[in-house]
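A.B. asks: Contents of coords_8.cif (mmCIF, C-alpha atoms):
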data_start
loop_
_atom_site.group_PDB
_atom_site.id
_atom_site.type_symbol
_atom_site.label_atom_id
_atom_site.label_comp_id
_atom_site.auth_asym_id
_atom_site.auth_seq_id
_atom_site.Cartn_x
_atom_site.Cartn_y
_atom_site.Cartn_z
ATOM 1 C CA MET A 1 4.156 -5.105 -75.055
ATOM 2 C CA ILE A 2 4.818 -8.656 -73.787
ATOM 3 C CA LYS A 3 8.098 -7.522 -72.220
ATOM 4 C CA THR A 4 6.319 -4.700 -70.373
ATOM 5 C CA ARG A 5 3.743 -7.137 -68.980
ATOM 6 C CA GLU A 6 6.517 -9.584 -68.013
ATOM 7 C CA LYS A 7 8.382 -6.826 -66.197
ATOM 8 C CA LYS A 8 5.229 -5.915 -64.276
ATOM 9 C CA ILE A 9 4.693 -9.518 -63.238
ATOM 10 C CA TYR A 10 8.310 -9.861 -62.079
ATOM 11 C CA PHE A 11 8.021 -6.607 -60.182
ATOM 12 C CA TYR A 12 4.813 -7.651 -58.389
ATOM 13 C CA ILE A 13 6.291 -11.050 -57.463
ATOM 14 C CA PHE A 14 9.457 -9.337 -56.237
ATOM 15 C CA ALA A 15 7.512 -6.779 -54.130
ATOM 16 C CA ALA A 16 5.040 -9.301 -52.688
ATOM 17 C CA THR A 17 7.668 -11.874 -51.686
ATOM 18 C CA LEU A 18 9.891 -9.173 -50.217
ATOM 19 C CA VAL A 19 7.038 -7.739 -48.117
ATOM 20 C CA ILE A 20 5.991 -11.210 -46.888
ATOM 21 C CA SER A 21 9.609 -12.055 -46.076
ATOM 22 C CA CYS A 22 10.041 -8.813 -44.096
ATOM 23 C CA LEU A 23 6.787 -9.316 -42.160
ATOM 24 C CA ILE A 24 7.409 -12.952 -41.216
ATOM 25 C CA GLY A 25 11.104 -12.349 -40.614
ATOM 26 C CA SER A 26 10.632 -9.345 -38.341
ATOM 27 C CA VAL A 27 7.992 -11.106 -36.195
ATOM 28 C CA SER A 28 10.092 -14.270 -35.880
ATOM 29 C CA ILE A 29 13.394 -12.456 -35.227
ATOM 30 C CA PHE A 30 11.704 -10.277 -32.573
ATOM 31 C CA SER A 31 10.373 -13.396 -30.883
ATOM 32 C CA ARG A 32 13.783 -15.118 -31.083
ATOM 33 C CA MET A 33 15.914 -12.145 -30.002
ATOM 34 C CA VAL A 34 13.659 -10.439 -27.430
ATOM 35 C CA ILE A 35 10.778 -12.529 -26.076
ATOM 36 C CA GLU A 36 12.510 -15.909 -25.918
ATOM 37 C CA VAL A 37 15.728 -14.455 -24.464
ATOM 38 C CA LYS A 38 13.727 -12.691 -21.715
ATOM 39 C CA ALA A 39 11.664 -15.788 -20.933
ATOM 40 C CA ASP A 40 14.794 -17.965 -20.936
ATOM 41 C CA LYS A 41 16.497 -15.634 -18.448
ATOM 42 C CA LEU A 42 13.475 -15.559 -16.129
ATOM 43 C CA LEU A 43 13.273 -19.352 -16.141
ATOM 44 C CA THR A 44 17.022 -19.746 -15.563
ATOM 45 C CA ASP A 45 16.891 -17.302 -12.638
ATOM 46 C CA ALA A 46 13.940 -19.111 -11.091
ATOM 47 C CA ILE A 47 15.502 -22.535 -11.452
ATOM 48 C CA ALA A 48 18.825 -21.259 -10.068
ATOM 49 C CA LEU A 49 17.015 -19.926 -7.009
ATOM 50 C CA ALA A 50 15.132 -23.194 -6.540
ATOM 51 C CA ASP A 51 18.387 -25.179 -6.900
ATOM 52 C CA ARG A 52 20.302 -22.990 -4.463
ATOM 53 C CA ALA A 53 17.737 -23.411 -1.745
ATOM 54 C CA ASP A 54 17.119 -26.764 -0.151
ATOM 55 C CA MET A 55 13.567 -27.560 -1.316
ATOM 56 C CA SER A 56 12.498 -28.814 2.103
ATOM 57 C CA SER A 57 13.511 -25.575 3.788
ATOM 58 C CA ILE A 58 12.902 -23.049 1.008
ATOM 59 C CA SER A 59 11.758 -19.719 2.414
ATOM 60 C CA THR A 60 8.398 -18.130 1.634
ATOM 61 C CA ALA A 61 10.199 -15.094 0.178
ATOM 62 C CA ASP A 62 12.145 -17.318 -2.254
ATOM 63 C CA LEU A 63 8.965 -19.156 -3.241
ATOM 64 C CA LYS A 64 7.336 -15.788 -3.925
ATOM 65 C CA ILE A 65 10.235 -14.683 -6.161
ATOM 66 C CA ILE A 66 10.154 -18.019 -8.022
ATOM 67 C CA ASN A 67 6.409 -17.660 -8.478
ATOM 68 C CA GLU A 68 6.784 -14.094 -9.813
ATOM 69 C CA LYS A 69 9.498 -15.100 -12.284
ATOM 70 C CA TYR A 70 7.507 -18.069 -13.553
ATOM 71 C CA LYS A 71 4.417 -15.902 -13.861
ATOM 72 C CA GLU A 72 6.279 -13.217 -15.820
ATOM 73 C CA ALA A 73 7.827 -15.817 -18.136
ATOM 74 C CA TYR A 74 4.464 -17.520 -18.626
ATOM 75 C CA ILE A 75 2.693 -14.255 -19.537
ATOM 76 C CA LEU A 76 5.515 -13.392 -21.971
ATOM 77 C CA ILE A 77 5.065 -16.606 -23.929
ATOM 78 C CA ARG A 78 1.348 -17.095 -23.323
ATOM 79 C CA LYS A 79 0.348 -15.868 -26.770
ATOM 80 C CA PRO A 80 1.578 -18.329 -29.346
ATOM 81 C CA GLN A 81 4.187 -17.533 -31.945
ATOM 82 C CA LEU A 82 2.915 -17.012 -35.507
ATOM 83 C CA PHE A 83 4.076 -20.467 -36.650
ATOM 84 C CA ALA A 84 3.436 -22.363 -33.417
ATOM 85 C CA ALA A 85 -0.243 -21.813 -32.748
ATOM 86 C CA TYR A 86 -1.664 -23.833 -29.867
ATOM 87 C CA LYS A 87 -4.729 -24.657 -31.951
ATOM 88 C CA ASN A 88 -2.825 -26.850 -34.365
ATOM 89 C CA PHE A 89 -3.811 -30.475 -34.229
ATOM 90 C CA ASP A 90 -0.545 -32.143 -33.336
ATOM 91 C CA ASP A 91 0.622 -34.273 -30.415
ATOM 92 C CA GLN A 92 2.364 -31.340 -28.703
ATOM 93 C CA SER A 93 -0.696 -29.098 -28.781
ATOM 94 C CA ARG A 94 -2.793 -31.643 -26.888
ATOM 95 C CA ALA A 95 -0.349 -31.561 -23.972
ATOM 96 C CA ILE A 96 -0.084 -27.781 -24.241
ATOM 97 C CA LYS A 97 -3.852 -27.345 -23.869
ATOM 98 C CA LYS A 98 -3.627 -29.096 -20.490
ATOM 99 C CA ILE A 99 -0.745 -26.833 -19.416
ATOM 100 C CA LEU A 100 -2.646 -23.706 -20.487
ATOM 101 C CA GLN A 101 -5.826 -24.819 -18.692
ATOM 102 C CA GLN A 102 -3.919 -25.168 -15.437
ATOM 103 C CA TYR A 103 -1.494 -22.244 -15.642
ATOM 104 C CA ASP A 104 -4.054 -19.670 -16.860
ATOM 105 C CA GLN A 105 -5.833 -20.253 -13.548
ATOM 106 C CA VAL A 106 -2.577 -20.054 -11.577
ATOM 107 C CA ALA A 107 -1.364 -16.900 -13.355
ATOM 108 C CA SER A 108 -4.726 -15.201 -12.824
ATOM 109 C CA GLY A 109 -4.279 -15.577 -9.073
ATOM 110 C CA ASN A 110 -5.875 -18.944 -8.250
ATOM 111 C CA GLY A 111 -2.812 -20.616 -6.787
ATOM 112 C CA ALA A 112 0.940 -20.358 -7.210
ATOM 113 C CA PHE A 113 3.545 -21.743 -9.586
ATOM 114 C CA GLU A 114 5.383 -24.664 -8.000
ATOM 115 C CA PRO A 115 9.205 -24.838 -8.357
ATOM 116 C CA ASP A 116 8.794 -27.756 -10.824
ATOM 117 C CA SER A 117 6.648 -25.582 -13.124
ATOM 118 C CA PHE A 118 9.898 -25.020 -15.029
ATOM 119 C CA ILE A 119 9.329 -28.254 -16.979
ATOM 120 C CA TYR A 120 5.936 -27.150 -18.305
ATOM 121 C CA ILE A 121 6.772 -23.501 -19.009
ATOM 122 C CA ASN A 122 9.942 -24.641 -20.753
ATOM 123 C CA TYR A 123 7.779 -26.954 -22.874
ATOM 124 C CA LEU A 124 5.782 -23.907 -24.038
ATOM 125 C CA LEU A 125 8.995 -21.967 -24.645
ATOM 126 C CA ASN A 126 10.448 -24.787 -26.767
ATOM 127 C CA ARG A 127 7.326 -24.800 -28.921
ATOM 128 C CA ARG A 128 7.645 -21.056 -29.358
ATOM 129 C CA LYS A 129 11.326 -21.452 -30.288
ATOM 130 C CA SER A 130 10.540 -24.060 -32.931
ATOM 131 C CA GLY A 131 7.826 -21.715 -34.270
ATOM 132 C CA SER A 132 10.198 -18.769 -34.566
ATOM 133 C CA TYR A 133 12.860 -20.926 -36.291
ATOM 134 C CA LEU A 134 10.209 -22.059 -38.749
ATOM 135 C CA GLY A 135 9.265 -18.397 -39.269
ATOM 136 C CA ILE A 136 12.877 -17.394 -39.936
ATOM 137 C CA TYR A 137 13.368 -20.242 -42.453
ATOM 138 C CA THR A 138 10.084 -19.314 -44.190
ATOM 139 C CA ALA A 139 11.224 -15.680 -44.385
ATOM 140 C CA LEU A 140 14.505 -16.869 -45.954
ATOM 141 C CA VAL A 141 12.611 -18.873 -48.581
ATOM 142 C CA PHE A 142 10.521 -15.793 -49.477
ATOM 143 C CA LEU A 143 13.694 -13.690 -49.521
ATOM 144 C CA ALA A 144 15.287 -16.137 -51.964
ATOM 145 C CA MET A 145 12.159 -15.923 -54.142
ATOM 146 C CA ALA A 146 12.387 -12.115 -54.007
ATOM 147 C CA ALA A 147 16.071 -12.284 -54.987
ATOM 148 C CA VAL A 148 15.350 -14.559 -57.963
ATOM 149 C CA SER A 149 12.432 -12.412 -59.201
ATOM 150 C CA GLY A 150 14.494 -9.247 -58.608
ATOM 151 C CA ALA A 151 17.430 -10.633 -60.601
ATOM 152 C CA THR A 152 15.086 -11.711 -63.423
ATOM 153 C CA LEU A 153 13.569 -8.220 -63.442
ATOM 154 C CA LEU A 154 17.028 -6.664 -63.766
ATOM 155 C CA LEU A 155 17.990 -9.089 -66.550
ATOM 156 C CA THR A 156 14.776 -8.306 -68.465
ATOM 157 C CA LYS A 157 15.455 -4.587 -68.094
ATOM 158 C CA SER A 158 19.087 -4.892 -69.292
ATOM 159 C CA GLU A 159 17.968 -6.931 -72.351
ATOM 160 C CA ASN A 160 15.886 -3.946 -73.545
ATOM 161 C CA MET B 1 -6.243 -5.784 -58.377
ATOM 162 C CA LYS B 2 -7.806 -3.388 -55.855
ATOM 163 C CA LYS B 3 -10.950 -5.545 -55.676
ATOM 164 C CA LEU B 4 -8.840 -8.647 -55.015
ATOM 165 C CA ILE B 5 -6.918 -6.941 -52.185
ATOM 166 C CA CYS B 6 -10.206 -5.721 -50.645
ATOM 167 C CA MET B 7 -11.685 -9.235 -50.844
ATOM 168 C CA ILE B 8 -8.620 -10.794 -49.195
ATOM 169 C CA PHE B 9 -8.752 -8.126 -46.459
ATOM 170 C CA VAL B 10 -12.464 -8.775 -45.777
ATOM 171 C CA ILE B 11 -11.886 -12.557 -45.647
ATOM 172 C CA PHE B 12 -9.036 -12.036 -43.144
ATOM 173 C CA MET B 13 -11.220 -9.734 -41.031
ATOM 174 C CA ILE B 14 -14.073 -12.244 -40.914
ATOM 175 C CA ALA B 15 -11.729 -15.156 -40.170
ATOM 176 C CA SER B 16 -9.979 -13.270 -37.380
ATOM 177 C CA CYS B 17 -13.202 -12.451 -35.487
ATOM 178 C CA THR B 18 -13.722 -14.743 -32.524
ATOM 179 C CA GLN B 19 -17.122 -16.308 -32.517
ATOM 180 C CA THR B 20 -19.139 -16.352 -29.333
ATOM 181 C CA PRO B 21 -19.690 -19.956 -28.251
ATOM 182 C CA LYS B 22 -23.337 -20.971 -27.989
ATOM 183 C CA GLU B 23 -22.966 -24.715 -27.973
ATOM 184 C CA ILE B 24 -24.373 -26.293 -24.830
ATOM 185 C CA ILE B 25 -22.368 -29.109 -23.275
ATOM 186 C CA ALA B 26 -23.612 -31.802 -20.891
ATOM 187 C CA PRO B 27 -26.925 -30.326 -19.693
ATOM 188 C CA LEU B 28 -28.371 -31.870 -16.543
ATOM 189 C CA MET B 29 -31.482 -31.261 -14.485
ATOM 190 C CA LYS B 30 -32.269 -31.710 -10.805
ATOM 191 C CA ILE B 31 -35.778 -31.617 -9.354
ATOM 192 C CA ASP B 32 -35.944 -30.499 -5.738
ATOM 193 C CA ASN B 33 -39.234 -31.466 -4.193
ATOM 194 C CA THR B 34 -38.282 -31.110 -0.557
ATOM 195 C CA GLY B 35 -39.762 -27.651 0.070
ATOM 196 C CA SER B 36 -43.241 -26.237 -0.235
ATOM 197 C CA VAL B 37 -42.656 -25.507 -3.920
ATOM 198 C CA THR B 38 -40.944 -27.674 -6.497
ATOM 199 C CA LYS B 39 -37.694 -26.284 -7.861
ATOM 200 C CA VAL B 40 -36.001 -27.277 -11.082
ATOM 201 C CA ILE B 41 -32.246 -26.724 -11.267
ATOM 202 C CA VAL B 42 -30.704 -26.835 -14.734
ATOM 203 C CA GLU B 43 -26.942 -27.058 -15.256
ATOM 204 C CA PHE B 44 -25.189 -26.661 -18.574
ATOM 205 C CA SER B 45 -21.637 -25.929 -19.664
ATOM 206 C CA ILE B 46 -20.034 -23.695 -22.253
ATOM 207 C CA TYR B 47 -16.616 -24.444 -23.765
ATOM 208 C CA ASN B 48 -14.132 -21.777 -24.832
ATOM 209 C CA ASP B 49 -12.373 -23.205 -27.873
ATOM 210 C CA THR B 50 -10.096 -20.223 -28.477
ATOM 211 C CA SER B 51 -6.407 -20.255 -27.562
ATOM 212 C CA SER B 52 -6.022 -16.712 -26.237
ATOM 213 C CA VAL B 53 -9.403 -15.037 -25.695
ATOM 214 C CA VAL B 54 -11.116 -14.941 -22.293
ATOM 215 C CA PHE B 55 -14.893 -14.623 -22.229
ATOM 216 C CA ILE B 56 -15.879 -12.324 -19.384
ATOM 217 C CA ASP B 57 -19.419 -12.019 -18.007
ATOM 218 C CA TYR B 58 -20.933 -14.461 -20.434
ATOM 219 C CA SER B 59 -24.603 -13.871 -19.793
ATOM 220 C CA GLY B 60 -27.954 -14.294 -21.463
ATOM 221 C CA GLU B 61 -31.391 -15.764 -21.175
ATOM 222 C CA MET B 62 -31.944 -19.493 -21.021
ATOM 223 C CA THR B 63 -35.212 -20.996 -22.192
ATOM 224 C CA PHE B 64 -36.009 -24.407 -20.831
ATOM 225 C CA LYS B 65 -38.498 -26.373 -22.895
ATOM 226 C CA THR B 66 -39.587 -29.883 -23.695
ATOM 227 C CA VAL B 67 -38.214 -31.687 -26.758
ATOM 228 C CA ASP B 68 -41.410 -30.871 -28.672
ATOM 229 C CA GLY B 69 -40.980 -27.167 -27.915
ATOM 230 C CA LYS B 70 -43.341 -26.469 -24.968
ATOM 231 C CA GLU B 71 -41.747 -23.663 -22.973
ATOM 232 C CA LEU B 72 -41.352 -24.387 -19.263
ATOM 233 C CA PHE B 73 -39.475 -21.340 -18.018
ATOM 234 C CA LYS B 74 -37.086 -18.582 -18.982
ATOM 235 C CA LYS B 75 -34.337 -17.394 -16.703
ATOM 236 C CA ASP B 76 -31.212 -15.251 -16.898
ATOM 237 C CA PHE B 77 -27.804 -16.820 -16.350
ATOM 238 C CA LYS B 78 -24.257 -15.567 -16.002
ATOM 239 C CA ILE B 79 -20.797 -17.133 -16.124
ATOM 240 C CA PRO B 80 -18.119 -14.737 -14.756
ATOM 241 C CA LYS B 81 -15.111 -16.002 -16.761
ATOM 242 C CA ILE B 82 -14.337 -18.709 -19.290
ATOM 243 C CA PHE B 83 -10.610 -19.162 -19.871
ATOM 244 C CA PRO B 84 -9.237 -20.642 -23.126
ATOM 245 C CA TYR B 85 -9.731 -24.374 -23.500
ATOM 246 C CA THR B 86 -11.861 -24.588 -20.382
ATOM 247 C CA THR B 87 -15.477 -25.459 -19.716
ATOM 248 C CA GLU B 88 -17.518 -23.486 -17.211
ATOM 249 C CA THR B 89 -20.909 -24.404 -15.854
ATOM 250 C CA ALA B 90 -23.976 -22.219 -15.407
ATOM 251 C CA VAL B 91 -26.622 -23.131 -12.843
ATOM 252 C CA VAL B 92 -30.174 -21.877 -13.324
ATOM 253 C CA GLU B 93 -32.866 -22.429 -10.753
ATOM 254 C CA SER B 94 -36.602 -21.886 -11.099
ATOM 255 C CA GLU B 95 -39.813 -22.778 -9.348
ATOM 256 C CA LEU B 96 -42.261 -24.772 -11.416
ATOM 257 C CA SER B 97 -46.056 -24.881 -11.184
ATOM 258 C CA PRO B 98 -47.671 -28.354 -10.841
ATOM 259 C CA ASP B 99 -49.051 -28.352 -14.401
ATOM 260 C CA LYS B 100 -45.671 -27.464 -15.923
ATOM 261 C CA LEU B 101 -44.007 -30.023 -13.681
ATOM 262 C CA ALA B 102 -46.386 -32.664 -15.021
ATOM 263 C CA ILE B 103 -45.408 -31.741 -18.594
ATOM 264 C CA LEU B 104 -41.724 -31.908 -17.671
ATOM 265 C CA ALA B 105 -42.135 -35.256 -15.908
ATOM 266 C CA GLU B 106 -43.890 -36.727 -18.918
ATOM 267 C CA ALA B 107 -41.264 -35.399 -21.326
ATOM 268 C CA SER B 108 -38.403 -36.645 -19.134
ATOM 269 C CA GLN B 109 -40.056 -40.006 -18.426
ATOM 270 C CA ILE B 110 -40.142 -39.484 -14.673
ATOM 271 C CA GLU B 111 -42.735 -41.505 -12.764
ATOM 272 C CA LYS B 112 -45.447 -39.474 -11.034
ATOM 273 C CA THR B 113 -44.845 -41.461 -7.837
ATOM 274 C CA GLU B 114 -41.226 -40.225 -7.882
ATOM 275 C CA LEU B 115 -42.446 -36.624 -8.010
ATOM 276 C CA ASP B 116 -44.907 -37.099 -5.179
ATOM 277 C CA LYS B 117 -42.083 -38.114 -2.823
ATOM 278 C CA LYS B 118 -40.486 -35.326 -0.790
ATOM 279 C CA SER B 119 -37.054 -35.904 -2.283
ATOM 280 C CA VAL B 120 -34.449 -34.614 -4.715
ATOM 281 C CA ILE B 121 -34.211 -36.287 -8.109
ATOM 282 C CA GLU B 122 -30.571 -35.802 -9.094
ATOM 283 C CA ASP B 123 -28.779 -35.724 -12.462
ATOM 284 C CA VAL B 124 -31.692 -36.199 -14.836
ATOM 285 C CA PHE B 125 -30.326 -36.354 -18.362
ATOM 286 C CA ILE B 126 -31.765 -33.748 -20.724
ATOM 287 C CA THR B 127 -30.983 -33.199 -24.364
ATOM 288 C CA GLU B 128 -29.394 -30.036 -25.810
ATOM 289 C CA GLN B 129 -32.664 -29.317 -27.677
ATOM 290 C CA MET B 130 -34.398 -28.663 -24.347
ATOM 291 C CA ILE B 131 -32.255 -25.591 -23.761
ATOM 292 C CA SER B 132 -31.869 -22.542 -25.939
ATOM 293 C CA LEU B 133 -29.740 -19.507 -25.222
ATOM 294 C CA ASP B 134 -30.757 -16.016 -26.325
ATOM 295 C CA LYS B 135 -29.657 -12.423 -25.782
ATOM 296 C CA ILE B 136 -26.073 -13.570 -25.291
ATOM 297 C CA SER B 137 -23.772 -10.803 -24.168
ATOM 298 C CA VAL B 138 -20.081 -11.312 -23.559
ATOM 299 C CA LYS B 139 -16.944 -9.237 -23.209
ATOM 300 C CA LYS B 140 -13.937 -10.683 -25.001
ATOM 301 C CA SER B 141 -10.554 -9.965 -23.480
ATOM 302 C CA ASP B 142 -7.063 -10.896 -24.502
ATOM 303 C CA ILE B 143 -5.568 -13.521 -22.168
ATOM 304 C CA LYS B 144 -2.423 -11.433 -21.607
ATOM 305 C CA ASP B 145 -4.509 -8.466 -20.388
ATOM 306 C CA VAL B 146 -6.488 -10.698 -18.027
ATOM 307 C CA LEU B 147 -3.350 -12.296 -16.587
ATOM 308 C CA LYS B 148 -1.712 -8.910 -16.141
ATOM 309 C CA GLY B 149 -4.844 -7.800 -14.273
ATOM 310 C CA LYS B 150 -5.796 -5.061 -16.728
#
Kindly transcribe the structure held in the file into C-alpha cells.

C.D. replies:
Amino acid sequence: MIKTREKKIYFYIFAATLVISCLIGSVSIFSRMVIEVKADKLLTDAIALADRADMSSISTADLKIINEKYKEAYILIRKPQLFAAYKNFDDQSRAIKKILQQYDQVASGNGAFEPDSFIYINYLLNRRKSGSYLGIYTALVFLAMAAVSGATLLLTKSEN
Amino acid sequence: MKKLICMIFVIFMIASCTQTPKEIIAPLMKIDNTGSVTKVIVEFSIYNDTSSVVFIDYSGEMTFKTVDGKELFKKDFKIPKIFPYTTETAVVESELSPDKLAILAEASQIEKTELDKKSVIEDVFITEQMISLDKISVKKSDIKDVLKGK
C-alpha cells in the first residue's frame, strides 16, 4: 500500500518537473535560437551600414534602411522574455523603462531611430539574452529533478 | 487534485488580467474669466503601469466636485493612447454658473477679488478627491500589434 502511494508520488513529481522543464526550456531555447539571432542580425546590419557611410554625409535612403532595421529589431524584442520581465524592480529595469517610453513613440511613427539607437536596443537585447539563459538553466534544474524522480520511480518498481 | 488544478488556473487567470488604471495623477485647474462666461479647465493624468499593453481610447465621465462632495459639473473625456510606462493628460473644459463658481472659489480658497478680475487664474492645485472617474471604457491592445500598425 505504502509502496503504491510512494510510486504515485514519484510519478507525479517526475511528470510535473518534466512538463515544467519542457515548457520553460522550449520558450527560452526559441528565444535564444530564433528571436535573439534575428534581432542580432538586424542590429549588426544596421550598424554596419551606419559605419560604412560617413555620418555627416549619410544618405536619406541609408537612414531609412537603418531606421527600418532598428524598428524591426525593436518590435522583435519589445515583449520581454519570460525570465527578464521589464516590471522587475532592479537597476536595469529602471533604465529600460526610459528606453521603452522613448522608443515606443518612435516605433509607432512619432520620429525615427537615430544611428546611435544601437546602444539602447542592444541593452534590451542583452537583458533578453540573460533572461533566456536563466530560463535554460532553470529548465535544466527541473530536468535534473525529473531525472532523479524518474530514476527513483524505476528503482522502486524494480524492488517489487 | 482536480479542484487544486482548477484553483491554480483561476488564480493565474485573475492575475494575468490587466487592470484598467483609474488613479488620477497631478490634477490641476485653470479658471478663465476673460470671456463673457467663466470657464473652468481641469487637467489630470493617467499612468499606464503595464509593460506591454497599450490603452486605446481611454474615455469616461469625469465628475468635478468640492472636497466635501458638492458636484460642480460632469463632463466626458477621452485620451487617444496611453503607451506602457507613460503618463497622458486629459483636459476637460466646462462653463460654470456664478453660484457654482462661488462654491468652487470658497473650496479652493480663491479670493473673490481674484475672480472679479478679467484674467486667467493658472495652475490651481486641486486634490484627487475633487475628481472622480466613471463609465470608464478602454480598448487594451498588445504593444507589438500597435507598433506593427495592426

A.B. asks: When the PyMOL selection byres ((chain B) within 10 of (chain A)) is applied to the structure above, which residues does it catch, written out as a list in words?

C.D. replies: Asp49, Thr50, Ser51, Ser52, Val53, Phe83, Pro84, Tyr85, Thr86, Thr87, Asp142, Ile143, Lys144, Asp145, Val146, Leu147, Lys148 and Gly149 of chain B

A.B. asks: Write the residues you've just listed into a file as an mmCIF file, in the frame of the given file, and include C-alpha atoms for each of them.

C.D. replies:
data_model
loop_
_atom_site.group_PDB
_atom_site.id
_atom_site.type_symbol
_atom_site.label_atom_id
_atom_site.label_comp_id
_atom_site.auth_asym_id
_atom_site.auth_seq_id
_atom_site.Cartn_x
_atom_site.Cartn_y
_atom_site.Cartn_z
ATOM 1 C CA ASP B 49 -12.373 -23.205 -27.873
ATOM 2 C CA THR B 50 -10.096 -20.223 -28.477
ATOM 3 C CA SER B 51 -6.407 -20.255 -27.562
ATOM 4 C CA SER B 52 -6.022 -16.712 -26.237
ATOM 5 C CA VAL B 53 -9.403 -15.037 -25.695
ATOM 6 C CA PHE B 83 -10.610 -19.162 -19.871
ATOM 7 C CA PRO B 84 -9.237 -20.642 -23.126
ATOM 8 C CA TYR B 85 -9.731 -24.374 -23.500
ATOM 9 C CA THR B 86 -11.861 -24.588 -20.382
ATOM 10 C CA THR B 87 -15.477 -25.459 -19.716
ATOM 11 C CA ASP B 142 -7.063 -10.896 -24.502
ATOM 12 C CA ILE B 143 -5.568 -13.521 -22.168
ATOM 13 C CA LYS B 144 -2.423 -11.433 -21.607
ATOM 14 C CA ASP B 145 -4.509 -8.466 -20.388
ATOM 15 C CA VAL B 146 -6.488 -10.698 -18.027
ATOM 16 C CA LEU B 147 -3.350 -12.296 -16.587
ATOM 17 C CA LYS B 148 -1.712 -8.910 -16.141
ATOM 18 C CA GLY B 149 -4.844 -7.800 -14.273
#

A.B. asks: Would you work out the distance separating atom CA of Leu28 of chain B from atom CA of Ile41 of chain B, expressed in Å to one decimal?

C.D. replies: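 Computed distance, atom CA of Leu28 of chain B to atom CA of Ile41 of chain B, equals 8.3 Å.
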
A.B. asks: Could you list as a list in words every residue that has an atom within 10 Å of (-30.2, -25.4, -27.2), using the file's coordinates and counting all atoms listed in the file?

C.D. replies: Lys22, Glu23, Ile24, Ile25, Pro27, Met62, Thr63, Phe64, Lys65, Thr127, Glu128, Gln129, Met130, Ile131, Ser132, Leu133 and Asp134 of chain B

A.B. asks: Calculate how many Å separate atom CA of Ser137 of chain B from atom CA of Tyr47 of chain B, rounding to one decimal.

C.D. replies: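 So the two atoms, atom CA of Ser137 of chain B and atom CA of Tyr47 of chain B, lie 15.4 Å apart.
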
A.B. asks: Can you translate the PyMOL selection byres ((chain A and resi 46) around 12) into the concrete residues it hits in this file, as a ChimeraX atom specification?

C.D. replies: /A:39-45,47-53,62-73,113-119,121-122

A.B. asks: Evaluate the PyMOL selection byres ((chain B and resi 139) around 8) here and jot the selected residues down as a list in words.

C.D. replies: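 This file gives the following for the PyMOL selection byres ((chain B and resi 139) around 8): Phe55, Ile56, Asp57, Tyr58, Ser137, Val138, Lys140 and Ser141 of chain B.
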
A.B. asks: In Å, rounded to a single decimal, give me how far atom CA of Leu18 of chain A is from atom CA of Ser130 of chain A.

C.D. replies: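 Result for atom CA of Ser130 of chain A versus atom CA of Leu18 of chain A: 22.8 Å, one decimal.
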
A.B. asks: Pick out the closest residue to Leu143 of chain A from this set: A:Ile24, A:Leu125, A:Ile9, A:Leu82. Count all atoms listed in the file.

C.D. replies: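 Among the listed residues, A:Ile24 lies closest to Leu143 of chain A.
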
A.B. asks: Which one is closest to Leu155 of chain A: A:Arg5, A:Tyr10, A:Gly135, A:Gly25? Count all atoms listed in the file.

C.D. replies: A:Tyr10

A.B. asks: Counting all atoms listed in the file, write as a ChimeraX atom specification all protein and nucleic acid residues lying at most 12 Å from (-39.4, -37.1, -9.1) in the file's frame.

C.D. replies: /B:29-34,38-40,101-102,104-106,108-124

A.B. asks: Complete segment 27-38 of chain A with N, CA and C atoms (output as an mmCIF file, in the frame of the given file).

C.D. replies:
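Output file rebuild.cif follows:
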data_model
loop_
_atom_site.group_PDB
_atom_site.id
_atom_site.type_symbol
_atom_site.label_atom_id
_atom_site.label_comp_id
_atom_site.auth_asym_id
_atom_site.auth_seq_id
_atom_site.Cartn_x
_atom_site.Cartn_y
_atom_site.Cartn_z
ATOM 1 N N VAL A 27 8.736 -10.518 -37.327
ATOM 2 C CA VAL A 27 7.992 -11.106 -36.195
ATOM 3 C C VAL A 27 8.807 -12.235 -35.558
ATOM 4 N N SER A 28 9.355 -13.104 -36.393
ATOM 5 C CA SER A 28 10.092 -14.270 -35.880
ATOM 6 C C SER A 28 11.404 -13.857 -35.210
ATOM 7 N N ILE A 29 12.112 -12.895 -35.826
ATOM 8 C CA ILE A 29 13.394 -12.456 -35.227
ATOM 9 C C ILE A 29 13.134 -11.740 -33.897
ATOM 10 N N PHE A 30 12.056 -10.947 -33.839
ATOM 11 C CA PHE A 30 11.704 -10.277 -32.573
ATOM 12 C C PHE A 30 11.431 -11.317 -31.486
ATOM 13 N N SER A 31 10.680 -12.338 -31.851
ATOM 14 C CA SER A 31 10.373 -13.396 -30.883
ATOM 15 C C SER A 31 11.657 -14.084 -30.420
ATOM 16 N N ARG A 32 12.537 -14.393 -31.390
ATOM 17 C CA ARG A 32 13.783 -15.118 -31.083
ATOM 18 C C ARG A 32 14.736 -14.261 -30.243
ATOM 19 N N MET A 33 14.888 -12.987 -30.622
ATOM 20 C CA MET A 33 15.914 -12.145 -30.002
ATOM 21 C C MET A 33 15.442 -11.443 -28.719
ATOM 22 N N VAL A 34 14.146 -11.193 -28.601
ATOM 23 C CA VAL A 34 13.659 -10.439 -27.430
ATOM 24 C C VAL A 34 12.845 -11.314 -26.480
ATOM 25 N N ILE A 35 11.707 -11.805 -26.953
ATOM 26 C CA ILE A 35 10.778 -12.529 -26.076
ATOM 27 C C ILE A 35 11.413 -13.797 -25.501
ATOM 28 N N GLU A 36 11.966 -14.621 -26.388
ATOM 29 C CA GLU A 36 12.510 -15.909 -25.918
ATOM 30 C C GLU A 36 13.731 -15.721 -25.019
ATOM 31 N N VAL A 37 14.541 -14.721 -25.309
ATOM 32 C CA VAL A 37 15.728 -14.455 -24.464
ATOM 33 C C VAL A 37 15.276 -14.039 -23.057
ATOM 34 N N LYS A 38 14.259 -13.151 -23.014
ATOM 35 C CA LYS A 38 13.727 -12.691 -21.715
ATOM 36 C C LYS A 38 13.145 -13.855 -20.924
#
